[in-house]
Every structure is written in C-alpha cells, then in structure tokens.
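Asker: Structure: start-v6.pdb, PDB, C-alpha atoms and all ligand atoms.
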```
MODEL        1
ATOM      1  CA  MET A  35      14.510 -18.434   1.377
ATOM      2  CA  VAL A  36      15.001 -19.820  -2.163
ATOM      3  CA  ARG A  37      15.840 -16.385  -3.509
ATOM      4  CA  ARG A  38      18.209 -15.626  -0.625
ATOM      5  CA  ASN A  39      20.143 -18.824  -1.240
ATOM      6  CA  PHE A  40      20.640 -17.997  -4.942
ATOM      7  CA  GLU A  41      20.832 -14.179  -4.832
ATOM      8  CA  GLY A  42      23.753 -13.962  -7.261
ATOM      9  CA  ASP A  43      22.115 -16.322  -9.764
ATOM     10  CA  PHE A  44      18.854 -14.372  -9.719
ATOM     11  CA  GLY A  45      20.736 -11.033  -9.996
ATOM     12  CA  PHE A  46      18.904  -9.873  -6.874
ATOM     13  CA  SER A  47      19.092  -6.207  -5.815
ATOM     14  CA  ILE A  48      17.436  -4.170  -3.076
ATOM     15  CA  SER A  49      17.305  -0.478  -2.170
ATOM     16  CA  TYR A  50      15.128   1.481   0.247
ATOM     17  CA  SER A  51      12.939   4.600   0.137
ATOM     18  CA  THR A  52      13.925   7.201   2.752
ATOM     19  CA  ASN A  53      10.381   7.784   4.074
ATOM     20  CA  LYS A  54       9.308   5.735   7.088
ATOM     21  CA  PHE A  55       5.985   3.933   7.305
ATOM     22  CA  ALA A  56       4.074   1.938   9.910
ATOM     23  CA  TRP A  57       1.167  -0.310   8.911
ATOM     24  CA  TYR A  58      -1.820  -0.235  11.309
ATOM     25  CA  GLY A  59      -5.437  -1.298  11.284
ATOM     26  CA  THR A  60      -8.352   0.648  12.745
ATOM     27  CA  THR A  61     -12.028   0.119  13.532
ATOM     28  CA  LYS A  62     -12.832   3.417  11.820
ATOM     29  CA  THR A  63     -14.276   2.546   8.414
ATOM     30  CA  PHE A  64     -13.406   4.614   5.348
ATOM     31  CA  ALA A  65     -15.834   4.348   2.451
ATOM     32  CA  THR A  66     -13.086   4.523  -0.187
ATOM     33  CA  LEU A  67      -9.323   4.706  -0.434
ATOM     34  CA  SER A  68      -8.557   8.151   0.931
ATOM     35  CA  GLN A  69      -5.675   9.989   2.520
ATOM     36  CA  THR A  70      -5.030  12.487   5.265
ATOM     37  CA  PHE A  71      -2.081  14.874   5.235
ATOM     38  CA  VAL A  72      -1.221  16.533   8.545
ATOM     39  CA  ALA A  73       1.352  19.256   9.266
ATOM     40  CA  THR A  74       2.553  19.294  12.883
ATOM     41  CA  GLU A  75       5.084  21.519  14.657
ATOM     42  CA  LEU A  76       7.729  18.813  14.271
ATOM     43  CA  GLY A  77       6.986  17.787  10.660
ATOM     44  CA  ALA A  78       4.526  16.309   8.189
ATOM     45  CA  PHE A  79       2.634  12.991   8.183
ATOM     46  CA  ASN A  80       0.269  11.327   5.786
ATOM     47  CA  ALA A  81      -1.988   8.329   6.215
ATOM     48  CA  HIS A  82      -3.336   6.050   3.467
ATOM     49  CA  HIS A  83      -6.636   4.571   4.703
ATOM     50  CA  TYR A  84      -9.083   2.144   3.144
ATOM     51  CA  ARG A  85     -11.684  -0.358   4.318
ATOM     52  CA  TYR A  86     -10.754  -4.032   3.977
ATOM     53  CA  SER A  87     -13.777  -5.575   5.749
ATOM     54  CA  PRO A  88     -17.208  -4.288   6.829
ATOM     55  CA  HIS A  89     -15.832  -3.051  10.169
ATOM     56  CA  MET A  90     -12.096  -2.598   9.664
ATOM     57  CA  SER A  91      -9.725  -0.393   7.707
ATOM     58  CA  THR A  92      -6.045  -0.379   6.884
ATOM     59  CA  PHE A  93      -4.359   2.763   8.227
ATOM     60  CA  LEU A  94      -0.854   3.220   6.907
ATOM     61  CA  VAL A  95       1.081   6.102   8.460
ATOM     62  CA  GLU A  96       3.989   7.641   6.540
ATOM     63  CA  CYS A  97       6.399  10.448   7.321
ATOM     64  CA  ASP A  98       9.647  11.772   5.951
ATOM     65  CA  ARG A  99      12.936  10.956   7.652
ATOM     66  CA  ALA A 100      13.315  14.460   9.195
ATOM     67  CA  THR A 101       9.905  14.178  10.883
ATOM     68  CA  TRP A 102      10.658  10.636  12.040
ATOM     69  CA  GLN A 103      13.873  11.863  13.662
ATOM     70  CA  ALA A 104      12.254  14.982  15.153
ATOM     71  CA  TYR A 105       9.716  12.740  16.950
ATOM     72  CA  GLY A 106      12.502  10.431  18.156
ATOM     73  CA  PHE A 107      10.632   7.373  16.856
ATOM     74  CA  ALA A 108      13.889   5.372  16.806
ATOM     75  CA  GLY A 109      13.823   5.333  20.611
ATOM     76  CA  LYS A 110      10.075   4.693  21.015
ATOM     77  CA  THR A 111       8.260   1.398  21.567
ATOM     78  CA  ILE A 112       5.541   0.211  19.171
ATOM     79  CA  GLU A 113       2.921   1.354  21.729
ATOM     80  CA  GLU A 114       4.485   4.818  22.125
ATOM     81  CA  SER A 115       4.685   5.330  18.349
ATOM     82  CA  LYS A 116       1.079   4.201  17.981
ATOM     83  CA  ALA A 117      -0.070   6.684  20.662
ATOM     84  CA  ILE A 118       1.693   9.541  18.839
ATOM     85  CA  CYS A 119       0.092   8.549  15.509
ATOM     86  CA  GLU A 120      -3.331   8.378  17.207
ATOM     87  CA  ARG A 121      -2.823  11.944  18.438
ATOM     88  CA  VAL A 122      -1.564  13.204  15.060
ATOM     89  CA  PHE A 123      -4.586  11.675  13.249
ATOM     90  CA  ALA A 124      -7.151  12.199  16.066
ATOM     91  CA  SER A 125      -9.462  14.301  13.887
ATOM     92  CA  VAL A 126      -9.764  11.635  11.185
ATOM     93  CA  LEU A 127      -9.860   8.622  13.560
ATOM     94  CA  ASP A 128     -12.970  10.043  15.327
ATOM     95  CA  GLY A 129     -12.026   8.385  18.625
ATOM     96  CA  HIS A 130     -11.257   4.987  17.035
ATOM     97  CA  PRO A 131      -7.968   3.358  18.087
ATOM     98  CA  LEU A 132      -5.116   2.279  15.837
ATOM     99  CA  LEU A 133      -4.463  -1.460  16.049
ATOM    100  CA  SER A 134      -0.923  -2.718  15.862
ATOM    101  CA  ASN A 135       0.240  -6.012  14.385
ATOM    102  CA  LYS A 136       3.988  -5.768  15.007
ATOM    103  CA  SER A 137       3.647  -2.305  13.431
ATOM    104  CA  VAL A 138       7.278  -1.272  13.434
ATOM    105  CA  TRP A 139       8.581   1.673  11.402
ATOM    106  CA  ARG A 140       9.966   0.444   8.085
ATOM    107  CA  ASN A 141      11.515   1.819   4.917
ATOM    108  CA  PHE A 142       9.884   0.571   1.741
ATOM    109  CA  PRO A 143      12.184  -2.038   0.118
ATOM    110  CA  TRP A 144      12.631  -1.943  -3.675
ATOM    111  CA  VAL A 145      13.258  -5.532  -4.734
ATOM    112  CA  TRP A 146      14.275  -6.538  -8.252
ATOM    113  CA  ASN A 147      15.788  -9.637  -9.854
ATOM    114  CA  ALA A 148      17.555  -9.442 -13.210
ATOM    115  CA  HIS A 149      16.908 -13.178 -13.837
ATOM    116  CA  TRP A 150      13.542 -14.633 -12.928
ATOM    117  CA  SER A 151      14.534 -18.272 -12.797
ATOM    118  CA  HIS A 152      17.540 -20.391 -11.999
ATOM    119  CA  GLN A 153      17.718 -24.111 -12.749
ATOM    120  CA  ASN A 154      14.217 -25.378 -11.843
ATOM    121  CA  MET A 155      13.467 -22.462  -9.464
ATOM    122  CA  VAL A 156      11.313 -19.498 -10.439
ATOM    123  CA  LEU A 157      10.276 -16.305  -8.644
ATOM    124  CA  ILE A 158       6.873 -14.612  -8.557
ATOM    125  CA  GLY A 159       5.255 -11.858  -6.451
ATOM    126  CA  ASP A 160       7.072  -9.889  -3.774
ATOM    127  CA  ALA A 161      10.041 -12.278  -3.863
ATOM    128  CA  LEU A 162      10.574 -11.153  -7.457
ATOM    129  CA  HIS A 163       9.689  -7.447  -7.322
ATOM    130  CA  SER A 164       8.077  -4.911  -5.032
ATOM    131  CA  ALA A 165       5.661  -2.173  -6.087
ATOM    132  CA  HIS A 166       5.100   0.751  -3.740
ATOM    133  CA  PHE A 167       1.919   0.538  -1.636
ATOM    134  CA  SER A 168       0.756   3.907  -2.999
ATOM    135  CA  ILE A 169      -0.278   2.247  -6.269
ATOM    136  CA  GLY A 170      -1.968  -0.626  -4.416
ATOM    137  CA  SER A 171      -1.052  -3.268  -6.997
ATOM    138  CA  GLY A 172       1.269  -5.688  -5.172
ATOM    139  CA  THR A 173      -1.343  -8.416  -4.786
ATOM    140  CA  ARG A 174      -2.556  -8.012  -8.350
ATOM    141  CA  LEU A 175       0.998  -8.266  -9.660
ATOM    142  CA  ALA A 176       1.669 -11.398  -7.611
ATOM    143  CA  ILE A 177      -1.502 -13.113  -8.841
ATOM    144  CA  GLU A 178      -0.889 -12.063 -12.438
ATOM    145  CA  ASP A 179       2.676 -13.440 -12.192
ATOM    146  CA  ALA A 180       1.212 -16.785 -11.137
ATOM    147  CA  ILE A 181      -1.247 -16.733 -14.042
ATOM    148  CA  ALA A 182       1.543 -15.871 -16.512
ATOM    149  CA  LEU A 183       3.695 -18.696 -15.128
ATOM    150  CA  VAL A 184       0.902 -21.278 -15.426
ATOM    151  CA  ARG A 185       0.187 -20.171 -19.005
ATOM    152  CA  ALA A 186       3.862 -20.455 -19.937
ATOM    153  CA  LEU A 187       4.085 -23.932 -18.388
ATOM    154  CA  GLU A 188       1.009 -24.990 -20.354
ATOM    155  CA  ALA A 189       2.349 -23.518 -23.596
ATOM    156  CA  GLU A 190       5.794 -25.132 -23.572
ATOM    157  CA  ALA A 191       6.798 -28.775 -23.603
ATOM    158  CA  ASP A 192       9.742 -28.445 -21.215
ATOM    159  CA  ILE A 193      10.425 -26.431 -18.078
ATOM    160  CA  PRO A 194      13.477 -24.369 -19.211
ATOM    161  CA  ARG A 195      11.574 -23.101 -22.254
ATOM    162  CA  ALA A 196       8.474 -22.383 -20.149
ATOM    163  CA  LEU A 197      10.477 -20.375 -17.596
ATOM    164  CA  ALA A 198      12.149 -18.400 -20.385
ATOM    165  CA  ARG A 199       8.750 -17.696 -21.944
ATOM    166  CA  TYR A 200       7.293 -16.581 -18.586
ATOM    167  CA  GLU A 201      10.125 -14.052 -18.130
ATOM    168  CA  ALA A 202      10.053 -12.784 -21.724
ATOM    169  CA  GLU A 203       6.287 -12.213 -21.732
ATOM    170  CA  ARG A 204       5.784 -10.955 -18.213
ATOM    171  CA  LYS A 205       8.853  -8.760 -17.632
ATOM    172  CA  PRO A 206       7.813  -5.816 -19.865
ATOM    173  CA  VAL A 207       4.402  -5.660 -18.145
ATOM    174  CA  VAL A 208       5.905  -5.732 -14.652
ATOM    175  CA  LYS A 209       8.602  -3.186 -15.574
ATOM    176  CA  LYS A 210       5.922  -0.716 -16.690
ATOM    177  CA  LEU A 211       4.063  -0.977 -13.386
ATOM    178  CA  VAL A 212       7.226  -0.867 -11.293
ATOM    179  CA  THR A 213       8.287   2.319 -13.128
ATOM    180  CA  ALA A 214       4.888   3.882 -12.378
ATOM    181  CA  ALA A 215       5.232   2.777  -8.741
ATOM    182  CA  ARG A 216       8.687   4.404  -8.515
ATOM    183  CA  THR A 217       7.361   7.691  -9.903
ATOM    184  CA  SER A 218       4.449   7.555  -7.485
ATOM    185  CA  ALA A 219       6.795   6.790  -4.565
ATOM    186  CA  ASP A 220       9.009   9.745  -5.566
ATOM    187  CA  TRP A 221       6.005  12.040  -5.102
ATOM    188  CA  TYR A 222       5.600  10.705  -1.557
ATOM    189  CA  GLU A 223       9.316  11.105  -0.846
ATOM    190  CA  ASN A 224       8.679  14.865  -1.258
ATOM    191  CA  PHE A 225       5.156  15.096   0.123
ATOM    192  CA  PRO A 226       5.936  17.767   2.808
ATOM    193  CA  ALA A 227       7.014  20.126  -0.042
ATOM    194  CA  HIS A 228       3.816  19.338  -2.027
ATOM    195  CA  MET A 229       1.751  20.221   1.067
ATOM    196  CA  LYS A 230       2.897  23.838   0.635
ATOM    197  CA  LEU A 231       1.039  24.060  -2.720
ATOM    198  CA  ASP A 232      -2.421  25.604  -3.030
ATOM    199  CA  LEU A 233      -5.254  23.073  -2.669
ATOM    200  CA  MET A 234      -6.018  22.582  -6.397
ATOM    201  CA  ASP A 235      -2.320  22.477  -7.361
ATOM    202  CA  PHE A 236      -1.771  19.913  -4.607
ATOM    203  CA  ALA A 237      -4.676  17.763  -5.834
ATOM    204  CA  HIS A 238      -3.500  17.993  -9.445
ATOM    205  CA  SER A 239       0.079  17.114  -8.541
ATOM    206  CA  TYR A 240      -1.204  14.124  -6.511
ATOM    207  CA  ILE A 241      -3.466  12.734  -9.235
ATOM    208  CA  THR A 242      -0.823  13.042 -11.961
ATOM    209  CA  ARG A 243       2.029  11.760  -9.740
ATOM    210  CA  SER A 244       2.663   8.395 -11.382
ATOM    211  CA  GLY A 245       2.773   9.859 -14.907
ATOM    212  CA  ARG A 246       0.006   7.505 -16.050
ATOM    213  CA  ILE A 247      -2.647  10.257 -16.076
ATOM    214  CA  ASP A 248      -2.043  13.466 -18.017
ATOM    215  CA  ASP A 249      -4.301  16.539 -18.285
ATOM    216  CA  ALA A 250      -6.156  15.238 -21.352
ATOM    217  CA  ARG A 251      -7.024  11.938 -19.629
ATOM    218  CA  LEU A 252      -7.936  13.760 -16.432
ATOM    219  CA  ARG A 253     -10.222  16.111 -18.384
ATOM    220  CA  ALA A 254     -12.017  13.094 -19.851
ATOM    221  CA  MET A 255     -12.245  11.303 -16.478
ATOM    222  CA  SER A 256     -13.060  14.265 -14.221
ATOM    223  CA  PRO A 257     -14.190  17.291 -16.222
ATOM    224  CA  ASN A 258     -15.476  19.104 -13.118
ATOM    225  CA  PHE A 259     -12.172  18.703 -11.332
ATOM    226  CA  MET A 260     -10.211  19.965 -14.344
ATOM    227  CA  ALA A 261     -12.560  22.948 -14.734
ATOM    228  CA  ARG A 262     -11.970  23.879 -11.073
ATOM    229  CA  TYR A 263      -8.214  23.327 -11.396
ATOM    230  CA  GLU A 264      -7.945  25.454 -14.541
ATOM    231  CA  ALA A 265     -10.126  28.231 -13.063
ATOM    232  CA  ALA A 266      -7.880  28.296  -9.975
ATOM    233  CA  SER A 267      -4.745  28.403 -12.185
ATOM    234  CA  ARG A 268      -6.213  31.323 -14.173
ATOM    235  CA  ARG A 269      -7.048  33.187 -10.934
ATOM    236  CA  ASP A 270      -3.496  32.635  -9.657
ATOM    237  CA  GLY A 271      -2.035  33.798 -12.988
ATOM    238  CA  ALA A 272      -4.196  36.938 -12.947
ATOM    239  CA  ARG A 273      -3.179  37.632  -9.319
ATOM    240  CA  ARG A 274       0.496  37.284 -10.178
ATOM    241  CA  HIS A 275       0.123  39.750 -13.088
ATOM    242  CA  ALA A 276      -1.913  42.285 -11.068
TER     243      ALA A 276
HETATM  244  C1  LIG B 301       2.110  -1.384   3.936
HETATM  245  C2  LIG B 301       1.687  -2.194   2.728
HETATM  246  C3  LIG B 301       0.435  -2.001   2.167
HETATM  247  C4  LIG B 301       0.046  -2.725   1.033
HETATM  248  N1  LIG B 301      -1.171  -2.492   0.487
HETATM  249  C5  LIG B 301      -1.529  -3.161  -0.617
HETATM  250  C6  LIG B 301      -2.794  -2.932  -1.235
HETATM  251  O1  LIG B 301      -3.585  -2.111  -0.793
HETATM  252  N2  LIG B 301      -3.107  -3.634  -2.337
HETATM  253  C7  LIG B 301      -2.261  -4.558  -2.871
HETATM  254  O2  LIG B 301      -2.587  -5.166  -3.881
HETATM  255  N3  LIG B 301      -1.073  -4.805  -2.300
HETATM  256  C8  LIG B 301      -0.680  -4.139  -1.193
HETATM  257  N4  LIG B 301       0.538  -4.406  -0.624
HETATM  258  C9  LIG B 301       1.439  -5.380  -1.242
HETATM  259  C10 LIG B 301       1.006  -6.808  -0.990
HETATM  260  O3  LIG B 301       0.866  -7.041   0.393
HETATM  261  C11 LIG B 301       2.063  -7.742  -1.571
HETATM  262  O4  LIG B 301       2.495  -7.295  -2.830
HETATM  263  C12 LIG B 301       1.512  -9.169  -1.723
HETATM  264  O5  LIG B 301       1.158  -9.658  -0.449
HETATM  265  C13 LIG B 301       2.568 -10.074  -2.368
HETATM  266  O6  LIG B 301       2.129 -11.410  -2.363
HETATM  267  P1  LIG B 301       3.154 -12.610  -2.310
HETATM  268  O7  LIG B 301       2.341 -13.857  -2.304
HETATM  269  O8  LIG B 301       4.178 -12.430  -3.381
HETATM  270  O9  LIG B 301       3.969 -12.447  -0.957
HETATM  271  P2  LIG B 301       3.431 -12.573   0.545
HETATM  272  O10 LIG B 301       2.021 -12.097   0.660
HETATM  273  O11 LIG B 301       4.487 -11.941   1.399
HETATM  274  O12 LIG B 301       3.406 -14.155   0.774
HETATM  275  C14 LIG B 301       4.589 -14.901   0.970
HETATM  276  C15 LIG B 301       4.268 -15.979   1.988
HETATM  277  O13 LIG B 301       5.361 -16.889   2.066
HETATM  278  C16 LIG B 301       5.585 -17.209   3.419
HETATM  279  N5  LIG B 301       6.992 -17.637   3.550
HETATM  280  C17 LIG B 301       8.105 -16.882   3.531
HETATM  281  N6  LIG B 301       9.205 -17.639   3.680
HETATM  282  C18 LIG B 301       8.767 -18.906   3.763
HETATM  283  C19 LIG B 301       9.432 -20.163   3.931
HETATM  284  N7  LIG B 301      10.749 -20.255   3.998
HETATM  285  N8  LIG B 301       8.670 -21.268   3.993
HETATM  286  C20 LIG B 301       7.317 -21.198   3.899
HETATM  287  N9  LIG B 301       6.634 -20.038   3.741
HETATM  288  C21 LIG B 301       7.347 -18.916   3.682
HETATM  289  C22 LIG B 301       5.294 -15.924   4.161
HETATM  290  O14 LIG B 301       5.002 -16.168   5.518
HETATM  291  C23 LIG B 301       4.065 -15.412   3.391
HETATM  292  O15 LIG B 301       2.867 -15.898   3.900
HETATM  293  C24 LIG B 301       0.937  -3.680   0.490
HETATM  294  C25 LIG B 301       2.178  -3.892   1.080
HETATM  295  C26 LIG B 301       2.572  -3.135   2.173
HETATM  296  C27 LIG B 301       3.935  -3.372   2.802
ENDMDL
END
```
Can I see the file as structure tokens?
Ligand SMILES: Cc1cc2nc3c(=O)[nH]c(=O)nc-3n(C[C@H](O)[C@H](O)[C@H](O)COP(=O)(O)OP(=O)(O)OC[C@H]3O[C@@H](n4cnc5c(N)ncnc54)[C@H](O)[C@@H]3O)c2cc1C
Answerer:
Amino acid sequence: MVRRNFEGDFGFSISYSTNKFAWYGTTKTFATLSQTFVATELGAFNAHHYRYSPHMSTFLVECDRATWQAYGFAGKTIEESKAICERVFASVLDGHPLLSNKSVWRNFPWVWNAHWSHQNMVLIGDALHSAHFSIGSGTRLAIEDAIALVRALEAEADIPRALARYEAERKPVVKKLVTAARTSADWYENFPAHMKLDLMDFAHSYITRSGRIDDARLRAMSPNFMARYEAASRRDGARRHA
C-alpha cells in the first residue's frame, strides 16, 4: 500500500513472465526439491515440488502460454483446473490430491524499484523486488534486506543517511541475485523446447540455466554427472560423424 501510493517516487516498475503458474499443496511428500516435466497431446507442463512439513509438500504447476490456451484454462474454475493438473501429474502424485488455496493461474510479476526509500519510508522484500520461484530465494532475500536495513540504521546517526547506506550496500547484492533469477526464469519460459533435448543435454542445460554454475564448477561438485554428460556428448558426436 505504501509503495502503491508513492510509485513514482520509488521509481516502481513491473513486468510479467509469459508462462502461467498455479501454486498448490499436496499430501504427497517429496524428499527433496525435485521437478516433473510432462508432455501431453495439448502441450507441456512442469511441476516444482518440495516438502515444507513432515506431511505436506508445495506443488507448483507451470505451463507455457500456448499450453494454457490449448487447455482453455481461462474459462475453467479453480476446481476444474486442479482436476486437470491432478490428471496430468497422476503418475507423480501417486493418488494424492492437489490442495488449492485460491490457486488461480498467475503470471510471475517482476517487481523493481529504482529508489529504495522516499522521505521516511523504505522498501524491503517482495514490495521492493521479486525473484523467480525457480531459484527459491525470495524469503532469504526479504530477510537479508531486513538485516541490511537494521545494520544501516545502527551504523548511521540519522535516518536519511541510514536509508542511503542500506540502498548503496544492499542493491548490488540484490541485483546479482535478480539477474540470476531472470536467467533462470528465461530457461523456464522455453522449457517445452528444452524437453526435446536428449536426457543428459536436458539435465546439463537445466543445471547451468542461471549462469551461476559452469562446467568447471559442475565437474568439481558432481564429477559423476559430468563424466556421464561428457560420455553422452562424445557418443552423440561420434554418431553424427558416422
Ligand atoms: C509460487 C511461489 C513459490 C515460492 N517459493 C519460494 C521458496 O521456495 N523459497 C523462498 O524463499 N521463496 C519462495 N517464494 C517467494 C516468497 O514467498 C516471497 O519472496 C516472500 O514471502 C517475501 O516476503 P515478504 O515479507 O517481502 O512479503 P510477503 O510474504 O508477501 O509478506 C507481506 C505481508 O504484508 C501483508 N500486507 C500487505 N498489505 C498490507 C497492508 N496494507 N497492511 C497490512 N499488511 C499488509 C500481506 O498480507 C503479507 O502477509 C515463492 C513465491 C511464489 C509466488
């Protein structure tokens, strides 16, 4: 509400990703953050799923705009959309239902503010910036903003100087993460095309999507994966030359 009332002063801007997503819960528990990509006759879906309590998981369904239109989701109720998603992901849900909490289809909003404070008002968290859910850092960013703000207030004798310090110190850090989130989101904006890749190429393209992990880092982190990926690339190269 504060930001909305002073949008011009904060230099507020917003744009939207084209993919659609709906945020569900489920009683199916997933041991780790994992994903399921499904190709259907009418288009491609993916789900990001992870456990958030001993007996519950988040289940975030995403599809590209063409798929969303092919299924006619614009004309469907929340219950009808949920039933379709349960059918699409039946094999991974193992008979567990999806649970809706006003789970409407949304486009991810990219929020940014050129100026982080105005008079005695200051922005933190999602009001200040959004970071795509595929890098799972929105909560961390919001909490770290709060920490940075408290530190700046403690370090400076007056509020204007403290707010300026908060923005100067925190902005470069946030910008770096938001850039990584944008690159990651771009990968998802094209995920039906990536699904046409061979398995190892698909996995490699997924892991390196945000640009924060290159082959050298991946080799150090997951030598077995890189060995498999490089063996598959060599086999493909040899096949192409044969
Ligand atoms: C689909 C999806 C999945 C996500 N998954 C993850 C994840 O796995 N990990 C992660 O770290 N982040 C994730 N996020 C992002 C995360 O939810 C947010 O970045 C985080 O909640 C931001 O915290 P916040 O305190 O800035 O804002 P919010 O959590 O939105 O809190 C703002 C609060 O202010 C209240 N409010 C608004 N207006 C007023 C008013 N006028 N008066 C009083 N109160 C008001 C709201 O009701 C709300 O409770 C996800 C986001 C989405 C959309």
Asker: Within 12 Å of Ala237 of chain A, counting only C-alpha atoms, which residues qualify if same-chain residues fewer than 3 places away don't, as an mmCIF file with C-alpha atoms, keeping the file's coordinate frame?
Answerer:
```
data_model
loop_
_atom_site.group_PDB
_atom_site.id
_atom_site.type_symbol
_atom_site.label_atom_id
_atom_site.label_comp_id
_atom_site.auth_asym_id
_atom_site.auth_seq_id
_atom_site.Cartn_x
_atom_site.Cartn_y
_atom_site.Cartn_z
ATOM 1 C CA GLN A 69 -5.675 9.989 2.520
ATOM 2 C CA PHE A 71 -2.081 14.874 5.235
ATOM 3 C CA PHE A 225 5.156 15.096 0.123
ATOM 4 C CA HIS A 228 3.816 19.338 -2.027
ATOM 5 C CA MET A 229 1.751 20.221 1.067
ATOM 6 C CA LYS A 230 2.897 23.838 0.635
ATOM 7 C CA LEU A 231 1.039 24.060 -2.720
ATOM 8 C CA ASP A 232 -2.421 25.604 -3.030
ATOM 9 C CA LEU A 233 -5.254 23.073 -2.669
ATOM 10 C CA MET A 234 -6.018 22.582 -6.397
ATOM 11 C CA TYR A 240 -1.204 14.124 -6.511
ATOM 12 C CA ILE A 241 -3.466 12.734 -9.235
ATOM 13 C CA THR A 242 -0.823 13.042 -11.961
ATOM 14 C CA ARG A 243 2.029 11.760 -9.740
ATOM 15 C CA LEU A 252 -7.936 13.760 -16.432
ATOM 16 C CA PHE A 259 -12.172 18.703 -11.332
ATOM 17 C CA MET A 260 -10.211 19.965 -14.344
ATOM 18 C CA ARG A 262 -11.970 23.879 -11.073
ATOM 19 C CA TYR A 263 -8.214 23.327 -11.396
ATOM 20 C CA ALA A 266 -7.880 28.296 -9.975
#
```
Asker: Run the PyMOL selection byres (((not hetatm)) within 7 of (chain B and resi 301)) mentally over the shown coordinates, then write out the matched residues as a tab-separated table (two decimals) with C-alpha atoms, keeping the file's coordinate frame, using the chain letters and numbers from the document.
Answerer:
```tsv
chain	number	residue	atom	x	y	z
A	35	MET	CA	14.51	-18.43	1.38
A	57	TRP	CA	1.17	-0.31	8.91
A	94	LEU	CA	-0.85	3.22	6.91
A	158	ILE	CA	6.87	-14.61	-8.56
A	159	GLY	CA	5.26	-11.86	-6.45
A	160	ASP	CA	7.07	-9.89	-3.77
A	161	ALA	CA	10.04	-12.28	-3.86
A	164	SER	CA	8.08	-4.91	-5.03
A	165	ALA	CA	5.66	-2.17	-6.09
A	167	PHE	CA	1.92	0.54	-1.64
A	170	GLY	CA	-1.97	-0.63	-4.42
A	171	SER	CA	-1.05	-3.27	-7.00
A	172	GLY	CA	1.27	-5.69	-5.17
A	173	THR	CA	-1.34	-8.42	-4.79
A	174	ARG	CA	-2.56	-8.01	-8.35
A	176	ALA	CA	1.67	-11.40	-7.61
```
Asker: Take atom CA of Ser91 of chain A and atom CA of Ala104 of chain A and report the distance between them in Å, one decimal.
Answerer: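 For atom CA of Ser91 of chain A relative to atom CA of Ala104 of chain A, the distance reads 27.8 Å.
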Asker: So what does the PyMOL selection byres (((chain A and resi 245) around 8) and not hetatm) actually pick up in this one, as JSON, numbers by chain?
Answerer: {"A": [214, 217, 218, 242, 243, 244, 246, 247, 248]}
Asker: Enclose all atoms of segment 263-275 of chain A listed in the file in an axis-aligned box, grow every side by 4 Å, and hand back centre and edge lengths in Å to one decimal, as AutoDock Vina command-line options.
Answerer:
```
--center_x -4.8 --center_y 31.5 --center_z -11.9 --size_x 18.6 --size_y 24.4 --size_z 13.2
```
Asker: Between atom CA of His163 of chain A and atom CA of Ala198 of chain A, what is the distance in Å, rounded to a tenth?
Answerer: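 Computing the Euclidean distance for atom CA of His163 of chain A and atom CA of Ala198 of chain A yields 17.2 Å.
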